[in-house]
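A quick write-up on the structure given underneath.
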Amino acid sequence: MDPASYNGRLNALESEGKVRWSSPSNIALTKYWGKHDNQLPRNPSISFTLSQAKTLSEVAFKPAQRPGEPSVSLFFEGKINEAFGQRIRGFLLKNKEVLPYIDAFDWSIRTENTFPHSSGIASSASAMSCLVMALVDIENQYLGADRSAEDQLKRASYLSRLASGSASRSVYPNCAEWGHCEGIEGSSDLFAIPGEDWLNEAFVGYHDDILIVSAEEKEVSSSLGHQMMATNAYRDIRYRQANENTIELKSVLQSGDLDRFIEITEGEALTLHALMMTSHPSFILMKPNSLEVIERIRNFRKESGVPICFTLDAGPNVHILYPDRFADVCRSFITSELQQFGSQLIEDHMGAGPERLEA
Ligand code: DP6
């Protein structure tokens, strides 16, 4: 099925209804950084789906009072949120071609996150994938769409990508890949594909403890960072490298080679930040404490032989990654050596993806 073509029968335009979903954030191992046209990535990426950091959303709809001019109200944690509402409205209205029923209804969206306020954690992946899972469910329950479970996820990933690139990966359990990549069958720039079946036992239940080093609003948004790649002197070599890393990471996830996993993952995180530092104008999102934590993780790994490593998103917070069988030793290292450099620690791990909740 072409996920772009909505095949519902739009046979229930008089109806109203409500669905509730939860959807998690994800952490990229190979990084999406650079996009073109309508939310197409310049390079492929692979991520682990998380479980604790997630968004819960209720999406209610009823026939539009003024058909053709749908109203979209967005409540974040119980209060109208204009800025977030604008972004959602923009996404829905810009993509009417693939959401042809949007105009027929008025929409009320209530959303909240499980992670703390102003933790600096990017919430677009969980928020956008959550909204989209709800829409795809509405298409199924109320608008006569008839899709297999697999096609539903493919459509959800396609639509999530249009809202926020990284959100395309959050719809799948445990692991996902997004972006066309020569060595990866079925990979596409249009939607992510599941990577769960690739996972060697060594990666099952992998941990990602997120140390909040700074919760201040970022100086440069991801969207702007992506745009700035267009003029980055290193972009071509970077896109080539990201392809190679993604292909190799897939086979590392299959073989369970933790040493290579660590080299690729840390290399990708540092490259992402190096790209920021070499943009025009340049910008730095790491803080001194990010570097302190990175150094301590590397020293501890060298001394103890424990396969703990780090990655970074487009921000100063450090994601601390380790296998489940080393959970005890890593937890005590994090508590005694790292926690002092952050304001909060969110203990997360791989998770099962979006979930439908009782409306
Ligand atoms: C550094 O998905 O937030 O986290 O498509 O503009 O919404 P938009 O960008 P976004 O970018 C995420 C960038 C990243 C790397 C990644 O998640 O792959």
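By order in the structure tokens, chains are A, B, ...; within a chain, residues start at 1; ligands start at 1, following the order shown.
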Surrounding residues as a tab-separated table (two decimals) with N, CA and C atoms, in the first residue's frame, ligand 1, max 6 Å, only C-alpha atoms and all ligand atoms:
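Ended up saving to out-v6.tsv:
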```tsv
chain	number	residue	atom	x	y	z
A	28	ALA	N	18.40	8.39	19.01
A	28	ALA	CA	19.11	8.03	17.77
A	28	ALA	C	20.53	7.59	18.10
A	31	LYS	N	22.72	9.45	13.58
A	31	LYS	CA	21.91	10.66	13.72
A	31	LYS	C	21.39	11.22	12.41
A	32	TYR	N	20.11	11.59	12.45
A	32	TYR	CA	19.48	12.36	11.37
A	32	TYR	C	19.85	13.83	11.60
A	33	TRP	N	20.59	14.41	10.67
A	33	TRP	CA	20.98	15.82	10.82
A	33	TRP	C	21.15	16.40	9.43
A	45	SER	N	19.15	6.88	9.64
A	45	SER	CA	19.43	6.86	11.07
A	45	SER	C	18.80	5.61	11.71
A	164	SER	N	7.55	15.51	12.34
A	164	SER	CA	8.90	15.66	12.88
A	164	SER	C	9.69	14.40	12.49
A	165	GLY	N	10.83	14.61	11.84
A	165	GLY	CA	11.56	13.47	11.28
A	165	GLY	C	11.79	12.34	12.27
A	166	SER	N	12.30	12.69	13.46
A	166	SER	CA	12.63	11.63	14.41
A	166	SER	C	11.39	10.89	14.90
A	222	SER	N	16.40	22.26	16.57
A	222	SER	CA	16.81	21.21	15.64
A	222	SER	C	16.47	21.61	14.21
A	223	SER	N	15.28	22.20	14.04
A	223	SER	CA	14.87	22.55	12.68
A	223	SER	C	15.88	23.48	12.01
A	313	ASP	N	21.78	14.10	22.11
A	313	ASP	CA	20.86	14.62	21.11
A	313	ASP	C	21.33	16.02	20.77
A	314	ALA	N	20.48	16.79	20.13
A	314	ALA	CA	20.86	18.17	19.85
A	314	ALA	C	20.67	18.99	21.12
```
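Distance check against Leu345 (chain A) using only C-alpha atoms: of A:Cys309, A:Leu159, A:Ile102, A:Ile212, the minimum falls on A:Ile212.
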Subject >> Long-range neighbours of Val132 (chain A) as a VMD selection string, 12 Å cut-off, only C-alpha atoms, 6 positions minimum in chain >> reply: chain A and resid 19 to 23 55 to 59 88 91 to 92 99 109 124 to 126 138 to 139 152 to 164 167 to 168 170 to 171 354 356
**OP:** For each of A:Gln86, A:Ser51, A:Ser214, A:Gln241, take the minimum atom-to-atom distance to Phe115 (chain A), counting only C-alpha atoms, then give the residue where this is smallest.
**Re:**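 Closest to Phe115 (chain A) of all the choices is A:Ser51.
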Subject >> Interatomic distance, CA of Lys35 (chain A) to CA of His226 (chain A) (Å, one decimal) >> reply: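 So the answer is 5.9 Å.
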**OP:** Could you tell me how far CA of Ile346 (chain A) lies from CA of Pro24 (chain A), in Å and to one decimal?
**Re:**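 Going from CA of Ile346 (chain A) over to CA of Pro24 (chain A) covers 13.5 Å.
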Original post:
Out of A:Leu93, A:Leu312, A:Leu40, A:Ala215, which residue has the shortest atom-to-atom distance to Asp189 (chain A) when counting only C-alpha atoms?
Top reply: A:Leu40
Subject >> Exercise: region 206-211 of chain A partners within 6 Å, only C-alpha atoms, chain neighbours under 6 positions left out, as a list in words >> reply: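 In the requested format, the answer is Asn317, Val318, His319, Ile320, Leu321, Tyr322, Pro323, Asp324, Gly342, Leu345, Ile346, Glu347, Asp348, His349 and Met350 of chain A.
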Subject >> Between CA of Pro288 (chain A) and CA of Gly315 (chain A), distance in Å (one decimal) >> reply: 12.3 Å
Subject >> Selection: 8 Å around region 246-255 of chain A, only C-alpha atoms, excl. self and same-chain fewer than 5 positions, as a list in words >> reply: Thr30, Pro44, Ser45, Ile46, Cys181, Gly183, Ile184, Trp198, Leu199, Asn200, Phe203, Arg260, Phe261 and Ile264 of chain A
Go ahead and save the residues from that selection, with N, CA, C and O atoms, as a PDB file, in the first residue's frame.
```pdb
ATOM      1  N   THR A  30      22.657   6.346  15.173  1.00  0.00           N
ATOM      2  CA  THR A  30      23.188   7.119  14.048  1.00  0.00           C
ATOM      3  C   THR A  30      22.183   8.258  13.831  1.00  0.00           C
ATOM      4  O   THR A  30      20.980   8.055  13.946  1.00  0.00           O
ATOM      5  N   PRO A  44      20.423   8.223   6.481  1.00  0.00           N
ATOM      6  CA  PRO A  44      19.634   7.303   7.304  1.00  0.00           C
ATOM      7  C   PRO A  44      20.038   7.358   8.781  1.00  0.00           C
ATOM      8  O   PRO A  44      21.131   7.818   9.115  1.00  0.00           O
ATOM      9  N   SER A  45      19.152   6.884   9.636  1.00  0.00           N
ATOM     10  CA  SER A  45      19.430   6.860  11.075  1.00  0.00           C
ATOM     11  C   SER A  45      18.799   5.610  11.706  1.00  0.00           C
ATOM     12  O   SER A  45      17.829   5.077  11.181  1.00  0.00           O
ATOM     13  N   ILE A  46      19.380   5.196  12.820  1.00  0.00           N
ATOM     14  CA  ILE A  46      18.832   4.058  13.585  1.00  0.00           C
ATOM     15  C   ILE A  46      18.647   4.519  15.022  1.00  0.00           C
ATOM     16  O   ILE A  46      19.502   5.234  15.558  1.00  0.00           O
ATOM     17  N   CYS A 181      18.792   3.455   2.535  1.00  0.00           N
ATOM     18  CA  CYS A 181      20.175   3.053   2.780  1.00  0.00           C
ATOM     19  C   CYS A 181      20.436   1.817   1.926  1.00  0.00           C
ATOM     20  O   CYS A 181      19.729   0.802   2.086  1.00  0.00           O
ATOM     21  N   GLY A 183      22.320  -0.680   1.834  1.00  0.00           N
ATOM     22  CA  GLY A 183      22.478  -2.014   2.420  1.00  0.00           C
ATOM     23  C   GLY A 183      21.280  -2.504   3.216  1.00  0.00           C
ATOM     24  O   GLY A 183      21.311  -3.613   3.749  1.00  0.00           O
ATOM     25  N   ILE A 184      20.233  -1.707   3.338  1.00  0.00           N
ATOM     26  CA  ILE A 184      19.128  -2.108   4.226  1.00  0.00           C
ATOM     27  C   ILE A 184      17.831  -2.255   3.432  1.00  0.00           C
ATOM     28  O   ILE A 184      17.241  -1.264   2.978  1.00  0.00           O
ATOM     29  N   TRP A 198      16.445  -7.274  14.306  1.00  0.00           N
ATOM     30  CA  TRP A 198      17.897  -7.278  14.154  1.00  0.00           C
ATOM     31  C   TRP A 198      18.604  -7.512  15.490  1.00  0.00           C
ATOM     32  O   TRP A 198      19.790  -7.832  15.504  1.00  0.00           O
ATOM     33  N   LEU A 199      17.889  -7.291  16.594  1.00  0.00           N
ATOM     34  CA  LEU A 199      18.582  -7.176  17.872  1.00  0.00           C
ATOM     35  C   LEU A 199      19.118  -8.487  18.421  1.00  0.00           C
ATOM     36  O   LEU A 199      18.366  -9.414  18.726  1.00  0.00           O
ATOM     37  N   ASN A 200      20.429  -8.537  18.546  1.00  0.00           N
ATOM     38  CA  ASN A 200      21.090  -9.619  19.254  1.00  0.00           C
ATOM     39  C   ASN A 200      20.665  -9.543  20.725  1.00  0.00           C
ATOM     40  O   ASN A 200      20.360  -8.459  21.226  1.00  0.00           O
ATOM     41  N   PHE A 203      21.486  -6.724  23.143  1.00  0.00           N
ATOM     42  CA  PHE A 203      20.853  -5.406  23.109  1.00  0.00           C
ATOM     43  C   PHE A 203      19.435  -5.391  23.674  1.00  0.00           C
ATOM     44  O   PHE A 203      18.831  -4.325  23.786  1.00  0.00           O
ATOM     45  N   ARG A 260      32.239  -2.302  18.931  1.00  0.00           N
ATOM     46  CA  ARG A 260      31.944  -1.487  17.732  1.00  0.00           C
ATOM     47  C   ARG A 260      30.706  -0.617  17.953  1.00  0.00           C
ATOM     48  O   ARG A 260      30.623   0.502  17.468  1.00  0.00           O
ATOM     49  N   PHE A 261      29.738  -1.180  18.697  1.00  0.00           N
ATOM     50  CA  PHE A 261      28.530  -0.402  19.022  1.00  0.00           C
ATOM     51  C   PHE A 261      28.937   0.912  19.697  1.00  0.00           C
ATOM     52  O   PHE A 261      28.464   2.000  19.342  1.00  0.00           O
ATOM     53  N   ILE A 264      30.810   3.356  17.269  1.00  0.00           N
ATOM     54  CA  ILE A 264      29.917   4.024  16.305  1.00  0.00           C
ATOM     55  C   ILE A 264      29.020   5.032  17.030  1.00  0.00           C
ATOM     56  O   ILE A 264      28.867   6.179  16.606  1.00  0.00           O
TER      57      ILE A 264
END
```
**OP:** May I have all residues of region 237-285 of chain A that DSSP, computed from the backbone, assigns to alpha helix (DSSP H), given as a ChimeraX atom specification?
**Re:** /A:237-255,258-277
Original post:
region 64-77 of chain A: which residues within 7 Å, counting only C-alpha atoms, same-chain residues fewer than 6 positions away excluded, as a list of chain:residue names?
Top reply: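 Once the nearby chain positions are removed, what remains is A:Gly85, A:Arg89, A:Asp103, A:Ala104, A:Phe105, A:Asp106, A:Trp107, A:Ser108, A:Ile109, A:Arg110, A:Thr111, A:Glu112.
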Could you write out that same residue set with N, CA, C and O atoms as a tab-separated table (two decimals), in the first residue's frame?
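Once everything was written out, this is out-v8.tsv:
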```
chain	number	residue	atom	x	y	z
A	85	GLY	N	-0.02	24.47	19.73
A	85	GLY	CA	-1.23	24.36	18.92
A	85	GLY	C	-0.97	24.80	17.47
A	85	GLY	O	-1.41	24.16	16.53
A	89	ARG	N	-1.52	22.54	14.26
A	89	ARG	CA	-2.44	23.05	13.23
A	89	ARG	C	-1.70	23.13	11.89
A	89	ARG	O	-2.21	22.69	10.86
A	103	ASP	N	-10.52	18.69	7.33
A	103	ASP	CA	-11.44	19.82	7.17
A	103	ASP	C	-12.85	19.56	7.66
A	103	ASP	O	-13.60	20.49	7.93
A	104	ALA	N	-13.22	18.29	7.71
A	104	ALA	CA	-14.61	17.96	8.02
A	104	ALA	C	-14.91	18.04	9.52
A	104	ALA	O	-16.07	18.01	9.93
A	105	PHE	N	-13.87	18.14	10.33
A	105	PHE	CA	-14.07	18.07	11.79
A	105	PHE	C	-13.43	19.24	12.53
A	105	PHE	O	-12.49	19.86	12.04
A	106	ASP	N	-13.93	19.47	13.75
A	106	ASP	CA	-13.21	20.30	14.71
A	106	ASP	C	-12.46	19.35	15.63
A	106	ASP	O	-12.99	18.30	16.01
A	107	TRP	N	-11.24	19.73	15.99
A	107	TRP	CA	-10.36	18.83	16.74
A	107	TRP	C	-10.00	19.41	18.10
A	107	TRP	O	-9.69	20.59	18.20
A	108	SER	N	-10.04	18.54	19.09
A	108	SER	CA	-9.58	18.96	20.42
A	108	SER	C	-8.55	17.93	20.89
A	108	SER	O	-8.83	16.74	20.96
A	109	ILE	N	-7.34	18.42	21.16
A	109	ILE	CA	-6.23	17.51	21.49
A	109	ILE	C	-5.73	17.86	22.89
A	109	ILE	O	-5.39	19.01	23.17
A	110	ARG	N	-5.74	16.87	23.77
A	110	ARG	CA	-5.22	17.07	25.13
A	110	ARG	C	-4.00	16.19	25.30
A	110	ARG	O	-4.07	14.98	25.08
A	111	THR	N	-2.90	16.82	25.66
A	111	THR	CA	-1.66	16.05	25.67
A	111	THR	C	-0.81	16.36	26.91
A	111	THR	O	-0.89	17.45	27.47
A	112	GLU	N	-0.07	15.38	27.36
A	112	GLU	CA	0.85	15.60	28.48
A	112	GLU	C	2.03	14.65	28.33
A	112	GLU	O	1.93	13.64	27.63
```
Original post:
Leaving out Ile262 (chain A) and any residue of its chain fewer than 3 positions from it, which residues lie within 8 Å of it when counting only C-alpha atoms, given as a PyMOL selection string?
Top reply: chain A and resi 258-259+265-266+307-309
Subject >> Among the residues A:Val306, A:Gln344, A:Glu216, A:Asn81, the one that comes closest to Pro116 (chain A) [using only C-alpha atoms] >> reply: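 Looking at the shortest contact to Pro116 (chain A), the residue is A:Gln344.
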**OP:** Step one, run DSSP on the backbone; step two, keep only residues of region 182-338 of chain A assigned to strand (DSSP E or B); then write them as JSON, numbers by chain.
**Re:** {"A": [192, 193, 194, 207, 208, 209, 210, 211, 212, 309, 310, 311, 312, 318, 319, 320, 321, 322]}
Subject >> Closest of A:Gly90, A:Pro63, A:Gly179, A:Gly78 to Pro41 (chain A) - atom-to-atom distances counting only C-alpha atoms >> reply: A:Gly179
